[in-house]
>>> print(open('run_30.tsv').read())   # TSV, C-alpha atoms
chain	number	residue	atom	x	y	z
A	1	MET	CA	46.13	-252.85	61.51
A	2	GLU	CA	43.07	-250.62	61.28
A	3	ASN	CA	40.78	-253.47	60.26
A	4	LYS	CA	41.67	-255.36	63.45
A	5	THR	CA	40.14	-252.60	65.58
A	6	LEU	CA	36.79	-252.87	63.78
A	7	GLY	CA	34.04	-255.17	65.02
A	8	PRO	CA	32.93	-258.19	62.99
A	9	ASP	CA	29.69	-256.44	62.02
A	10	ILE	CA	31.37	-253.33	60.57
A	11	LEU	CA	31.47	-253.31	56.76
A	12	LEU	CA	33.29	-251.06	54.32
A	13	LEU	CA	31.02	-249.46	51.73
A	14	GLU	CA	32.91	-248.64	48.55
A	15	GLY	CA	30.37	-246.06	47.37
A	16	LEU	CA	30.85	-243.63	44.52
A	17	LYS	CA	34.36	-242.66	43.48
A	18	VAL	CA	34.16	-238.89	43.75
A	19	THR	CA	37.23	-236.70	43.30
A	20	PRO	CA	37.77	-233.80	45.74
A	21	GLN	CA	37.08	-231.33	42.91
A	22	SER	CA	33.73	-232.90	42.02
A	23	SER	CA	32.55	-233.71	45.56
A	24	ILE	CA	30.75	-230.39	46.11
A	25	PRO	CA	28.94	-230.39	42.70
A	26	ALA	CA	27.98	-234.05	43.20
A	27	PHE	CA	26.66	-233.34	46.70
A	28	ILE	CA	24.62	-230.34	45.51
A	29	LEU	CA	23.18	-232.30	42.57
A	30	PHE	CA	22.13	-235.27	44.70
A	31	LEU	CA	20.77	-232.99	47.43
A	32	LEU	CA	18.65	-230.98	44.97
A	33	ILE	CA	17.26	-234.19	43.45
A	34	TYR	CA	16.45	-235.58	46.90
A	35	ILE	CA	14.76	-232.34	48.01
A	36	PHE	CA	12.71	-232.23	44.80
A	37	VAL	CA	11.59	-235.86	45.22
A	38	MET	CA	10.56	-235.26	48.83
A	39	VAL	CA	8.82	-231.92	48.34
A	40	SER	CA	6.99	-232.88	45.14
A	41	ASN	CA	5.74	-236.26	46.35
A	42	ILE	CA	4.83	-235.14	49.88
A	43	GLY	CA	3.16	-232.05	48.42
A	44	LEU	CA	1.12	-234.15	46.00
A	45	MET	CA	0.06	-236.56	48.76
A	46	THR	CA	-0.85	-233.69	51.08
A	47	MET	CA	-2.96	-232.00	48.42
A	48	ILE	CA	-4.82	-235.24	47.62
A	49	THR	CA	-5.39	-235.89	51.34
A	50	LEU	CA	-6.72	-232.40	52.12
A	51	GLU	CA	-8.80	-231.92	48.98
A	52	ARG	CA	-11.98	-234.01	49.27
A	53	SER	CA	-12.70	-233.75	45.53
A	54	LEU	CA	-9.50	-235.74	44.92
A	55	HIS	CA	-10.59	-238.64	47.15
A	56	GLN	CA	-11.03	-240.89	44.13
A	57	PRO	CA	-9.47	-244.30	43.43
A	58	MET	CA	-6.98	-243.04	40.86
A	59	PHE	CA	-5.69	-240.26	43.12
A	60	LEU	CA	-5.55	-242.53	46.16
A	61	LEU	CA	-3.33	-244.82	44.13
A	62	PHE	CA	-1.10	-241.83	43.41
A	63	CYS	CA	-0.64	-241.54	47.18
A	64	ASN	CA	0.61	-245.14	47.25
A	65	MET	CA	3.16	-244.35	44.58
A	66	GLY	CA	4.19	-241.12	46.30
A	67	ALA	CA	4.67	-242.81	49.67
A	68	ASN	CA	6.75	-245.53	48.04
A	69	ASP	CA	8.87	-242.95	46.21
A	70	VAL	CA	9.56	-241.12	49.48
A	71	LEU	CA	10.55	-244.46	51.05
A	72	GLY	CA	12.92	-245.33	48.20
A	73	ALA	CA	14.61	-241.94	48.05
A	74	THR	CA	15.02	-241.76	51.85
A	75	THR	CA	16.52	-245.24	51.94
A	76	ILE	CA	19.20	-244.46	49.36
A	77	MET	CA	19.96	-240.74	49.21
A	78	PRO	CA	20.91	-239.73	52.82
A	79	PRO	CA	23.64	-242.43	53.07
A	80	VAL	CA	24.91	-241.51	49.58
A	81	LEU	CA	25.01	-237.82	50.51
A	82	SER	CA	26.89	-238.54	53.75
A	83	SER	CA	29.50	-240.61	51.89
A	84	VAL	CA	30.38	-237.96	49.29
A	85	PHE	CA	32.78	-236.14	51.64
A	86	THR	CA	33.93	-239.29	53.43
A	87	PRO	CA	37.21	-240.91	52.26
A	88	THR	CA	36.66	-244.29	50.60
A	89	SER	CA	38.72	-246.02	53.29
A	90	GLU	CA	36.41	-244.69	56.04
A	91	ARG	CA	32.94	-245.38	54.62
A	92	TYR	CA	31.84	-247.82	57.28
A	93	ILE	CA	28.36	-249.21	57.80
A	94	HIS	CA	27.03	-251.62	60.41
A	95	TYR	CA	25.77	-254.94	59.09
A	96	SER	CA	22.29	-254.45	60.56
A	97	SER	CA	22.02	-251.03	58.86
A	98	CYS	CA	23.15	-252.63	55.62
A	99	VAL	CA	20.42	-255.28	55.91
A	100	LEU	CA	17.74	-252.66	56.57
A	101	GLN	CA	18.90	-250.58	53.62
A	102	ALA	CA	18.81	-253.61	51.33
A	103	PHE	CA	15.35	-254.57	52.59
A	104	PHE	CA	13.76	-251.16	52.09
A	105	GLY	CA	15.54	-250.63	48.77
A	106	HIS	CA	14.12	-253.86	47.35
A	107	LEU	CA	10.74	-253.15	48.93
A	108	HIS	CA	10.60	-249.83	47.08
A	109	ALA	CA	11.49	-251.48	43.76
A	110	SER	CA	8.90	-254.24	44.30
A	111	VAL	CA	6.04	-251.98	45.37
A	112	VAL	CA	6.50	-249.95	42.19
A	113	HIS	CA	5.51	-253.01	40.15
A	114	THR	CA	2.62	-254.14	42.35
A	115	VAL	CA	1.09	-250.65	42.57
A	116	LEU	CA	1.46	-250.13	38.82
A	117	MET	CA	-0.50	-253.36	38.27
A	118	ILE	CA	-3.33	-252.01	40.44
A	119	MET	CA	-3.26	-248.73	38.53
A	120	ALA	CA	-3.51	-250.65	35.26
A	121	PHE	CA	-6.53	-252.55	36.61
A	122	ASP	CA	-8.09	-249.25	37.71
A	123	ARG	CA	-7.71	-247.78	34.21
A	124	TYR	CA	-9.03	-251.01	32.65
A	125	VAL	CA	-12.24	-250.90	34.69
A	126	ALA	CA	-12.67	-247.14	34.17
A	127	ILE	CA	-12.37	-247.37	30.37
A	128	CYS	CA	-13.72	-250.82	29.54
A	129	ASN	CA	-16.51	-250.93	32.17
A	130	PRO	CA	-17.28	-247.26	32.94
A	131	LEU	CA	-20.81	-247.95	34.21
A	132	ARG	CA	-19.59	-250.48	36.77
A	133	TYR	CA	-16.52	-248.48	37.78
A	134	PRO	CA	-18.11	-246.72	40.82
A	135	THR	CA	-19.35	-250.03	42.22
A	136	ILE	CA	-16.12	-251.95	41.58
A	137	MET	CA	-13.43	-249.39	42.45
A	138	THR	CA	-14.76	-248.12	45.75
A	139	ASN	CA	-12.43	-246.54	48.28
A	140	ARG	CA	-12.62	-249.72	50.35
A	141	MET	CA	-11.55	-251.76	47.33
A	142	VAL	CA	-8.64	-249.39	46.70
A	143	VAL	CA	-7.51	-249.80	50.32
A	144	LYS	CA	-7.70	-253.60	49.99
A	145	LEU	CA	-5.80	-253.60	46.71
A	146	SER	CA	-3.17	-251.20	48.09
A	147	ALA	CA	-2.68	-253.31	51.22
A	148	SER	CA	-2.33	-256.42	49.04
A	149	ALA	CA	0.26	-254.69	46.84
A	150	TRP	CA	2.39	-253.78	49.84
A	151	ALA	CA	1.88	-257.14	51.57
A	152	VAL	CA	2.90	-259.20	48.53
A	153	ALA	CA	6.02	-257.09	48.00
A	154	LEU	CA	6.83	-257.22	51.73
A	155	VAL	CA	6.68	-261.03	51.89
A	156	MET	CA	8.71	-261.51	48.69
A	157	VAL	CA	11.44	-259.11	49.81
A	158	LEU	CA	11.48	-260.51	53.35
A	159	VAL	CA	12.22	-263.99	52.00
A	160	LEU	CA	14.81	-262.58	49.56
A	161	VAL	CA	16.80	-260.76	52.24
A	162	SER	CA	16.36	-263.51	54.87
A	163	LEU	CA	18.06	-266.01	52.56
A	164	SER	CA	21.10	-263.73	52.49
A	165	VAL	CA	21.12	-262.95	56.21
A	166	ARG	CA	21.26	-266.68	57.07
A	167	LEU	CA	24.69	-266.99	55.40
A	168	SER	CA	27.95	-266.65	57.33
A	169	ARG	CA	30.28	-263.84	56.28
A	170	CYS	CA	33.90	-264.05	55.20
A	171	ARG	CA	34.17	-260.66	53.48
A	172	ARG	CA	33.44	-257.13	54.66
A	173	VAL	CA	33.53	-254.91	51.58
A	174	ILE	CA	30.36	-253.78	49.76
A	175	PHE	CA	31.24	-252.94	46.16
A	176	ASN	CA	28.23	-250.72	45.70
A	177	PRO	CA	27.11	-247.17	46.58
A	178	PHE	CA	24.50	-248.70	48.91
A	179	CYS	CA	23.53	-252.12	50.26
A	180	ASP	CA	21.33	-254.46	48.27
A	181	ASN	CA	20.59	-258.18	48.37
A	182	ALA	CA	23.42	-259.10	45.98
A	183	SER	CA	25.87	-257.17	48.15
A	184	LEU	CA	24.73	-259.14	51.20
A	185	PHE	CA	25.14	-262.65	49.83
A	186	LYS	CA	28.43	-261.74	48.14
A	187	LEU	CA	29.85	-261.27	51.64
A	188	SER	CA	29.62	-265.04	52.16
A	189	CYS	CA	31.93	-267.82	51.02
A	190	GLU	CA	29.12	-270.39	51.28
A	191	SER	CA	27.07	-271.68	48.38
A	192	VAL	CA	24.53	-269.09	47.24
A	193	LEU	CA	22.68	-271.40	44.86
A	194	ILE	CA	19.41	-271.04	46.77
A	195	ASN	CA	19.80	-267.27	46.74
A	196	ASN	CA	20.35	-267.25	42.99
A	197	ILE	CA	17.38	-269.53	42.34
A	198	TYR	CA	15.00	-267.52	44.51
A	199	GLY	CA	16.40	-264.23	43.21
A	200	LEU	CA	15.77	-265.34	39.63
A	201	ALA	CA	12.26	-266.55	40.48
A	202	TYR	CA	11.57	-263.30	42.36
A	203	THR	CA	12.66	-261.23	39.34
A	204	VAL	CA	10.76	-263.34	36.81
A	205	VAL	CA	7.54	-263.35	38.84
A	206	LEU	CA	7.65	-259.63	39.62
A	207	LEU	CA	8.72	-258.36	36.19
A	208	GLY	CA	6.75	-260.99	34.29
A	209	SER	CA	3.50	-260.35	36.14
A	210	SER	CA	3.75	-256.56	35.91
A	211	LEU	CA	4.80	-256.57	32.25
A	212	GLY	CA	2.16	-259.15	31.32
A	213	CYS	CA	-0.59	-257.41	33.29
A	214	ILE	CA	0.14	-253.98	31.86
A	215	THR	CA	0.58	-255.28	28.29
A	216	LEU	CA	-2.70	-257.22	28.30
A	217	THR	CA	-4.56	-254.40	30.04
A	218	TYR	CA	-3.51	-251.74	27.59
A	219	LEU	CA	-4.06	-253.94	24.56
A	220	ARG	CA	-7.62	-254.37	25.78
A	221	ILE	CA	-7.95	-250.62	26.38
A	222	ALA	CA	-6.59	-249.91	22.89
A	223	MET	CA	-9.18	-252.25	21.37
A	224	VAL	CA	-11.98	-250.47	23.25
A	225	CYS	CA	-10.70	-247.08	22.07
A	226	LEU	CA	-10.64	-248.29	18.47
A	227	ILE	CA	-14.23	-249.50	18.74
A	228	ASN	CA	-15.43	-246.41	20.61
A	229	ARG	CA	-16.08	-243.51	18.22
A	230	SER	CA	-16.23	-240.85	20.93
A	231	LYS	CA	-13.19	-238.63	20.42
A	232	LYS	CA	-13.61	-237.01	23.84
A	233	SER	CA	-13.66	-240.35	25.68
A	234	ASN	CA	-10.70	-241.66	23.68
A	235	SER	CA	-8.74	-238.48	24.38
A	236	ARG	CA	-9.28	-238.79	28.14
A	237	ALA	CA	-8.36	-242.48	28.02
A	238	LEU	CA	-5.15	-241.78	26.11
A	239	GLN	CA	-4.23	-238.98	28.51
A	240	THR	CA	-4.56	-241.02	31.70
A	241	CYS	CA	-3.15	-244.22	30.21
A	242	GLY	CA	-0.34	-242.33	28.48
A	243	THR	CA	0.97	-240.96	31.79
A	244	HIS	CA	0.83	-244.45	33.27
A	245	LEU	CA	2.75	-245.96	30.35
A	246	VAL	CA	5.38	-243.20	30.37
A	247	LEU	CA	5.99	-243.86	34.07
A	248	TYR	CA	6.26	-247.60	33.50
A	249	ILE	CA	8.67	-247.18	30.58
A	250	ILE	CA	10.93	-244.82	32.59
A	251	MET	CA	11.01	-247.26	35.51
A	252	PHE	CA	11.56	-250.29	33.27
A	253	VAL	CA	14.36	-248.66	31.25
A	254	ALA	CA	16.13	-247.42	34.41
A	255	GLY	CA	15.98	-250.90	35.95
A	256	GLY	CA	16.96	-252.60	32.69
A	257	VAL	CA	20.03	-250.42	32.19
A	258	ASN	CA	21.12	-251.16	35.74
A	259	ILE	CA	20.75	-254.93	35.20
A	260	ILE	CA	22.64	-254.79	31.88
A	261	LEU	CA	25.53	-252.83	33.40
A	262	HIS	CA	25.96	-255.63	35.97
A	263	ARG	CA	27.24	-257.77	33.09
A	264	PHE	CA	30.11	-255.36	32.39
A	265	PRO	CA	32.52	-255.14	35.36
A	266	GLU	CA	34.60	-252.48	33.60
A	267	LEU	CA	31.57	-250.17	33.78
A	268	SER	CA	31.21	-250.45	37.55
A	269	ASP	CA	31.29	-246.68	38.10
A	270	GLN	CA	28.51	-246.14	35.56
A	271	ARG	CA	26.50	-248.96	37.12
A	272	LYS	CA	26.79	-247.37	40.57
A	273	LEU	CA	25.50	-244.06	39.23
A	274	PHE	CA	22.59	-245.72	37.41
A	275	SER	CA	21.70	-247.76	40.51
A	276	ILE	CA	21.31	-244.50	42.43
A	277	MET	CA	19.38	-242.87	39.58
A	278	PHE	CA	16.94	-245.81	39.54
A	279	HIS	CA	15.82	-244.87	43.05
A	280	VAL	CA	15.51	-241.10	42.44
A	281	VAL	CA	14.77	-240.35	38.76
A	282	PRO	CA	11.47	-242.32	38.46
A	283	PRO	CA	10.22	-240.88	41.81
A	284	ALA	CA	11.03	-237.37	40.57
A	285	MET	CA	9.29	-238.05	37.27
A	286	ASN	CA	6.23	-239.51	38.99
A	287	ALA	CA	5.34	-236.24	40.68
A	288	ILE	CA	5.86	-234.29	37.45
A	289	ILE	CA	3.81	-236.70	35.33
A	290	TYR	CA	0.92	-237.06	37.77
A	291	GLY	CA	1.05	-233.55	39.17
A	292	LEU	CA	1.20	-231.65	35.90
A	293	GLN	CA	-0.40	-233.88	33.29
A	294	ILE	CA	-3.54	-234.85	35.22
A	295	LYS	CA	-6.02	-232.02	34.68
A	296	THR	CA	-7.63	-232.04	38.14
A	297	VAL	CA	-4.32	-231.96	39.99
A	298	ARG	CA	-2.94	-229.31	37.62
A	299	GLN	CA	-5.94	-227.08	38.27
A	300	LYS	CA	-5.53	-227.42	42.04
A	301	ILE	CA	-1.85	-226.46	41.80
A	302	PHE	CA	-2.73	-223.44	39.64
A	303	ILE	CA	-5.40	-222.31	42.12
A	304	MET	CA	-3.02	-222.67	45.06
A	305	PHE	CA	-0.32	-220.57	43.35
A	306	THR	CA	-2.90	-217.97	42.27
A	307	LYS	CA	-4.17	-217.60	45.85
A	308	ASN	CA	-0.62	-217.17	47.13
A	309	MET	CA	0.18	-214.52	44.52
A	310	VAL	CA	-3.01	-212.57	45.35
A	311	ALA	CA	-2.24	-212.78	49.06
A	312	ASP	CA	1.30	-211.47	48.48
A	313	MET	CA	0.00	-208.54	46.41
A	314	LYS	CA	-2.34	-207.54	49.22
>>> encode(input="run_30.tsv", output="structure tokens")
Amino acid sequence: MENKTLGPDILLLEGLKVTPQSSIPAFILFLLIYIFVMVSNIGLMTMITLERSLHQPMFLLFCNMGANDVLGATTIMPPVLSSVFTPTSERYIHYSSCVLQAFFGHLHASVVHTVLMIMAFDRYVAICNPLRYPTIMTNRMVVKLSASAWAVALVMVLVLVSLSVRLSRCRRVIFNPFCDNASLFKLSCESVLINNIYGLAYTVVLLGSSLGCITLTYLRIAMVCLINRSKKSNSRALQTCGTHLVLYIIMFVAGGVNIILHRFPELSDQRKLFSIMFHVVPPAMNAIIYGLQIKTVRQKIFIMFTKNMVADMK
């Protein structure tokens, strides 16, 4: 009877299965993670923007990653937080909101790969062609590369979601903690062959290009480090490239675990949790890795805290 009073564009979002006893701890945990992601990434971007000495290609690329992390966390976490205290039978979402959430969620995941490829290229030029680095990686070039990274991801995701939106709907339940492309086309009873083909091509192109680019780039960097006998230069190269690789591995493992869990329906609750973690754990780790392991940024943070402590003592 209740379903008859709902409009055709109102969907039921299954969300996380949280018991009344664990709802408050779950809400606090997710809220703390979300606050940390927002504060750390916005703080890092603000510091890079205000500090002229940090207006360098590598740090400007960090701003791209930080902005994307804020986008991803904001797309996923507020709806998840609002659903923790909502009964499962009342977790409604409008179809248009579901489409927007799916679009921005996939955009976040795609931009991660495209920006990481630019960062790999930046490290390749800096280490393999250090003399030409200032002329190649100018701020204008970084802006062009960043715009290209976002534009490519935007077009690919727009096509991906549009193929699902074109389908008619015969179902109204989203078996996920948030909306994604698979949730959208599973609402239809029509053939989704085109969706599956494009979705597979989208995944292969995105993952294949990022994995191939980063693998080839770092193999080349490793060869240069082996040839170069300067311990200082090799140490700096390993430091900057190591943070990049750690970030990529965290992101790749989080996404891989989520994809693998899709193959095991009996682990649906674990898959839901990992799908949320994919959008918040790598963004949280990004700020830690770049903010604390990059010497220049670490020094700026130390100076800022020192100034605040001196001011408080006065």
>>> atom_distance(input="run_30.tsv", atom1="atom CA of Ile35 of chain A", atom2="atom CA of Val18 of chain A")
20.9 Å
>>> atom_distance(input="run_30.tsv", atom1="atom CA of Leu261 of chain A", atom2="atom CA of Pro78 of chain A")
23.9 Å
>>> residues_near_point(input="run_30.tsv", point="(4.7, -241.4, 43.6)", cutoff="6 Å", atoms="all atoms listed in the file", output="PyMOL selection string")
chain A and resi 41+62+65-66+69+283+286-287
>>> residues_around(input="run_30.tsv", residues="Met285 of chain A", least_positions_apart="6", cutoff="12 Å", atoms="all atoms listed in the file", output="MDAnalysis selection string")
chainID A and resid 33 36:38 40:41 65:66 69 243:244 246:251 254 277:279 291:293
>>> closest_residue(input="run_30.tsv", among="A:Cys179, A:Phe30, A:Phe252, A:Gly199", to="Met77 of chain A", atoms="all atoms listed in the file")
A:Phe30
>>> closest_residue(input="run_30.tsv", among="A:Gly256, A:Thr138, A:Glu90, A:Gln101", to="Val125 of chain A", atoms="all atoms listed in the file")
A:Thr138
>>> atom_distance(input="run_30.tsv", atom1="atom CA of Ile28 of chain A", atom2="atom CA of Ser275 of chain A")
18.4 Å
>>> closest_residue(input="run_30.tsv", among="A:Ser183, A:Ser97, A:Thr114, A:Thr217", to="Arg171 of chain A", atoms="all atoms listed in the file")
A:Ser183
>>> residues_near_point(input="run_30.tsv", point="(20.4, -241.4, 56.1)", cutoff="12 Å", atoms="only C-alpha atoms", output="ChimeraX atom specification")
/A:34,71-83,93,97-98,100-101,178
>>> closest_residue(input="run_30.tsv", among="A:Gly242, A:Pro57, A:Pro134, A:Pro25", to="Ala222 of chain A", atoms="only C-alpha atoms")
A:Gly242
>>> closest_residue(input="run_30.tsv", among="A:Leu267, A:Met45, A:Cys170, A:Ile289", to="Glu190 of chain A", atoms="all atoms listed in the file")
A:Cys170
>>> closest_residue(input="run_30.tsv", among="A:Val112, A:Ile10, A:Met137, A:Cys213", to="Pro282 of chain A", atoms="only C-alpha atoms")
A:Val112
>>> axis_aligned_box(input="run_30.tsv", around="segment 163-177 of chain A", padding_each_side="4 Å", output="JSON")
{"center_x": 26.1, "center_y": -257.1, "center_z": 51.5, "size_x": 24.1, "size_y": 27.8, "size_z": 19.6}
>>> decode(input="run_30.tsv", residues="segment 145-161 of chain A", atoms="N, CA, C and O atoms", output="CSV table (one decimal), in the first residue's frame")
chain,number,residue,atom,x,y,z
A,145,LEU,N,47.3,19.9,-18.9
A,145,LEU,CA,47.2,18.5,-18.6
A,145,LEU,C,46.1,18.2,-17.6
A,145,LEU,O,45.4,17.2,-17.7
A,146,SER,N,45.9,19.1,-16.6
A,146,SER,CA,44.9,18.9,-15.6
A,146,SER,C,43.5,19.0,-16.2
A,146,SER,O,42.6,18.2,-15.9
A,147,ALA,N,43.3,20.0,-17.1
A,147,ALA,CA,42.1,20.1,-17.8
A,147,ALA,C,41.8,18.9,-18.6
A,147,ALA,O,40.6,18.5,-18.7
A,148,SER,N,42.8,18.4,-19.3
A,148,SER,CA,42.6,17.2,-20.1
A,148,SER,C,42.2,16.0,-19.3
A,148,SER,O,41.4,15.2,-19.7
A,149,ALA,N,42.8,15.9,-18.1
A,149,ALA,CA,42.5,14.7,-17.2
A,149,ALA,C,41.1,14.8,-16.8
A,149,ALA,O,40.4,13.7,-16.8
A,150,TRP,N,40.6,15.9,-16.4
A,150,TRP,CA,39.2,16.1,-16.0
A,150,TRP,C,38.2,15.9,-17.2
A,150,TRP,O,37.2,15.3,-17.1
A,151,ALA,N,38.6,16.5,-18.3
A,151,ALA,CA,37.7,16.4,-19.5
A,151,ALA,C,37.6,15.0,-20.0
A,151,ALA,O,36.5,14.6,-20.4
A,152,VAL,N,38.7,14.2,-20.1
A,152,VAL,CA,38.6,12.8,-20.6
A,152,VAL,C,37.7,12.0,-19.6
A,152,VAL,O,36.8,11.3,-20.1
A,153,ALA,N,37.9,12.2,-18.3
A,153,ALA,CA,37.1,11.4,-17.4
A,153,ALA,C,35.7,11.9,-17.5
A,153,ALA,O,34.7,11.0,-17.4
A,154,LEU,N,35.4,13.2,-17.6
A,154,LEU,CA,34.0,13.7,-17.7
A,154,LEU,C,33.3,13.1,-18.9
A,154,LEU,O,32.1,12.6,-18.8
A,155,VAL,N,33.9,13.0,-20.1
A,155,VAL,CA,33.3,12.5,-21.3
A,155,VAL,C,33.0,11.0,-21.1
A,155,VAL,O,31.9,10.5,-21.4
A,156,MET,N,34.0,10.3,-20.6
A,156,MET,CA,33.8,8.8,-20.5
A,156,MET,C,32.7,8.5,-19.5
A,156,MET,O,31.9,7.6,-19.7
A,157,VAL,N,32.6,9.2,-18.4
A,157,VAL,CA,31.6,8.9,-17.4
A,157,VAL,C,30.2,9.4,-17.9
A,157,VAL,O,29.2,8.8,-17.6
A,158,LEU,N,30.2,10.5,-18.6
A,158,LEU,CA,28.9,11.0,-19.2
A,158,LEU,C,28.3,10.0,-20.1
A,158,LEU,O,27.1,9.7,-20.0
A,159,VAL,N,29.1,9.4,-20.9
A,159,VAL,CA,28.6,8.3,-21.8
A,159,VAL,C,28.1,7.1,-21.0
A,159,VAL,O,27.1,6.5,-21.3
A,160,LEU,N,28.9,6.8,-20.0
A,160,LEU,CA,28.6,5.6,-19.2
A,160,LEU,C,27.3,5.7,-18.5
A,160,LEU,O,26.4,4.8,-18.6
A,161,VAL,N,27.0,6.9,-17.9
A,161,VAL,CA,25.8,7.1,-17.2
A,161,VAL,C,24.6,7.3,-18.1
A,161,VAL,O,23.5,6.9,-17.9
